[in-house]
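Below: the structure, in structure tokens.
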Amino acid sequence: MSSVAFYTKLAATAARLITKLGTQIPCTRQLGGFYDPITGNNFDGFNRVFTPNGIVKNFASDQIDGTRILASDQLLILDATTDVNYIPAASDKIRIENEVGTGFQEWLVIDIITKQPTVQPIVYFVQVRK
């Protein structure tokens, strides 16, 4: 089996498991806003919402150092194949359902690790913080 075929199969397995065990994660990105120095006006852009499938996890205790990773941080494992137009960015705002399931809380992206052994990424590991 070629490495491309192996990673294609691996990506399909990851997508299937994330879809089965996770949920859609609303990720909002502000686009198109700008400042006009001639008029002195700020022009708001618009929000684009992406909804990749993902799993929300707590960090393992040995990963928490109190500086780079806080005990309150969450780890998202996002399927890179659900919404191929979405690549996580530090400016994104992530909405995660709260623990009692009565609403959402907004989280900020702190760090992003892309697992991409070939041309197509498989998953994104995204550290988020309130």
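Chain lettering (A, B, ...) mirrors the order of the structure tokens, residue numbering begins at 1 for each chain separately, and ligand numbering begins at 1 in order of display.
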Non-local contacts of stretch 1-11 of chain A (10 Å; only C-alpha atoms; under 3 positions in same chain excluded) as JSON, numbers by chain
{"A": [14, 15, 16, 17, 79, 80, 81, 116, 117, 118, 119, 120, 121, 122, 123]}
Using only C-alpha atoms, what table do you get, as JSON lines, when you list each residue of stretch 69-102 of chain A with an atom no more than 8 Å from stretch 44-55 of chain A, its nearest pair of atoms, and their distance in Å rounded to one decimal, rows by chain then rising number?
```
{"residue": "A:Leu76", "atom": "CA", "partner": "A:Ile55", "partner_atom": "CA", "distance": 5.6}
{"residue": "A:Ile77", "atom": "CA", "partner": "A:Ile55", "partner_atom": "CA", "distance": 5.2}
{"residue": "A:Leu78", "atom": "CA", "partner": "A:Gly54", "partner_atom": "CA", "distance": 4.2}
{"residue": "A:Asp79", "atom": "CA", "partner": "A:Asn53", "partner_atom": "CA", "distance": 5.6}
{"residue": "A:Ala80", "atom": "CA", "partner": "A:Pro52", "partner_atom": "CA", "distance": 7.4}
{"residue": "A:Thr82", "atom": "CA", "partner": "A:Pro52", "partner_atom": "CA", "distance": 5.3}
{"residue": "A:Asp83", "atom": "CA", "partner": "A:Pro52", "partner_atom": "CA", "distance": 5.5}
{"residue": "A:Tyr86", "atom": "CA", "partner": "A:Phe50", "partner_atom": "CA", "distance": 6.4}
```
Expected answer as a PyMOL selection string: strand (DSSP E) residues in chain A
chain A and resi 23-24+27-31+34-36+41-43+46-50+53-58+74-79+93-97+104-115+123-129
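All residues of chain A that DSSP, run on the backbone, classes as alpha helix (DSSP H) are Ser3, Val4, Ala5, Phe6, Tyr7, Thr8, Lys9, Leu10, Ala11, Ala12, Thr13, Ala14, Ala15, Arg16, Leu17, Ile18, Thr19, Lys20 and Leu21 of chain A.
With only C-alpha atoms as the basis for measurement, A:Val128 is the residue among A:Ala60, A:Ile69, A:Val128, A:Leu21 that approaches A:Asp92 most closely.
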Neighbouring residues of stretch 96-112 of chain A were defined as those with any atom within 10 Å, considering only C-alpha atoms; residues of the same chain fewer than 5 positions away were excluded. Please report them as a ChimeraX atom specification.
/A:23-28,56,68-69,73-76,87-91,124-130
How would the residues just picked look written out with N, CA, C and O atoms as a short mmCIF file (atom, residue, chain, number, x, y, z; two decimals), in the first residue's frame?
```cif
data_model
loop_
_atom_site.label_atom_id
_atom_site.label_comp_id
_atom_site.auth_asym_id
_atom_site.auth_seq_id
_atom_site.Cartn_x
_atom_site.Cartn_y
_atom_site.Cartn_z
N THR A 23 -19.10 16.14 17.81
CA THR A 23 -20.23 16.97 17.41
C THR A 23 -19.72 18.07 16.48
O THR A 23 -18.52 18.26 16.35
N GLN A 24 -20.65 18.81 15.88
CA GLN A 24 -20.23 19.96 15.09
C GLN A 24 -19.79 21.08 16.03
O GLN A 24 -20.47 21.36 17.02
N ILE A 25 -18.66 21.69 15.72
CA ILE A 25 -18.10 22.77 16.54
C ILE A 25 -18.19 24.07 15.75
O ILE A 25 -17.50 24.22 14.74
N PRO A 26 -19.05 25.02 16.17
CA PRO A 26 -19.13 26.30 15.45
C PRO A 26 -17.86 27.14 15.65
O PRO A 26 -17.48 27.43 16.77
N CYS A 27 -17.22 27.48 14.54
CA CYS A 27 -15.99 28.28 14.55
C CYS A 27 -16.25 29.55 13.74
O CYS A 27 -16.54 29.46 12.55
N THR A 28 -16.17 30.70 14.38
CA THR A 28 -16.50 31.96 13.73
C THR A 28 -15.24 32.74 13.42
O THR A 28 -14.36 32.89 14.26
N VAL A 56 -14.22 17.55 22.00
CA VAL A 56 -13.70 18.45 23.04
C VAL A 56 -13.15 17.60 24.17
O VAL A 56 -13.83 16.71 24.68
N ARG A 68 1.85 27.88 29.56
CA ARG A 68 1.47 27.65 28.16
C ARG A 68 0.12 26.96 28.07
O ARG A 68 -0.71 27.28 27.23
N ILE A 69 -0.11 25.99 28.94
CA ILE A 69 -1.39 25.28 29.01
C ILE A 69 -1.93 25.42 30.43
O ILE A 69 -1.27 25.03 31.40
N ASP A 73 -7.96 25.25 30.11
CA ASP A 73 -7.93 25.15 28.65
C ASP A 73 -8.58 23.85 28.19
O ASP A 73 -8.64 22.87 28.93
N GLN A 74 -9.06 23.87 26.96
CA GLN A 74 -9.65 22.68 26.35
C GLN A 74 -8.87 22.34 25.09
O GLN A 74 -8.27 23.23 24.46
N LEU A 75 -8.90 21.08 24.71
CA LEU A 75 -8.27 20.62 23.48
C LEU A 75 -9.38 20.17 22.54
O LEU A 75 -10.21 19.34 22.90
N LEU A 76 -9.39 20.76 21.36
CA LEU A 76 -10.32 20.33 20.32
C LEU A 76 -9.56 19.47 19.32
O LEU A 76 -8.46 19.82 18.91
N ILE A 87 -9.56 26.12 7.85
CA ILE A 87 -8.26 25.88 8.46
C ILE A 87 -8.24 26.78 9.70
O ILE A 87 -8.37 28.00 9.58
N PRO A 88 -8.12 26.22 10.89
CA PRO A 88 -8.18 27.05 12.11
C PRO A 88 -7.16 28.19 12.08
O PRO A 88 -6.05 28.03 11.56
N ALA A 89 -7.57 29.33 12.64
CA ALA A 89 -6.69 30.50 12.74
C ALA A 89 -6.77 31.05 14.16
O ALA A 89 -7.78 30.88 14.85
N ALA A 90 -5.71 31.73 14.58
CA ALA A 90 -5.64 32.26 15.93
C ALA A 90 -6.74 33.28 16.22
O ALA A 90 -7.11 33.48 17.38
N SER A 91 -7.28 33.91 15.21
CA SER A 91 -8.32 34.92 15.41
C SER A 91 -9.72 34.33 15.53
O SER A 91 -10.68 35.06 15.82
N TYR A 124 -6.85 18.63 13.07
CA TYR A 124 -6.27 19.80 13.72
C TYR A 124 -6.44 19.62 15.22
O TYR A 124 -7.52 19.28 15.70
N PHE A 125 -5.37 19.83 15.98
CA PHE A 125 -5.43 19.87 17.43
C PHE A 125 -5.41 21.35 17.80
O PHE A 125 -4.42 22.05 17.53
N VAL A 126 -6.49 21.82 18.41
CA VAL A 126 -6.65 23.25 18.70
C VAL A 126 -6.80 23.45 20.20
O VAL A 126 -7.72 22.91 20.81
N GLN A 127 -5.89 24.23 20.77
CA GLN A 127 -5.97 24.60 22.18
C GLN A 127 -6.82 25.86 22.26
O GLN A 127 -6.55 26.85 21.57
N VAL A 128 -7.85 25.83 23.12
CA VAL A 128 -8.73 26.98 23.27
C VAL A 128 -8.80 27.38 24.74
O VAL A 128 -8.60 26.56 25.64
N ARG A 129 -9.10 28.66 24.96
CA ARG A 129 -9.15 29.22 26.31
C ARG A 129 -10.32 30.19 26.41
O ARG A 129 -10.59 30.93 25.48
N LYS A 130 -10.97 30.24 27.59
CA LYS A 130 -12.06 31.21 27.83
C LYS A 130 -11.48 32.57 28.02
O LYS A 130 -10.43 32.79 28.51
#
```
Between A:Asn42, A:Lys57, A:Ile64, A:Lys115, single out the one closest to A:Gly22, counting only C-alpha atoms.
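Of the candidates, the smallest distance to A:Gly22 is held by A:Lys57.
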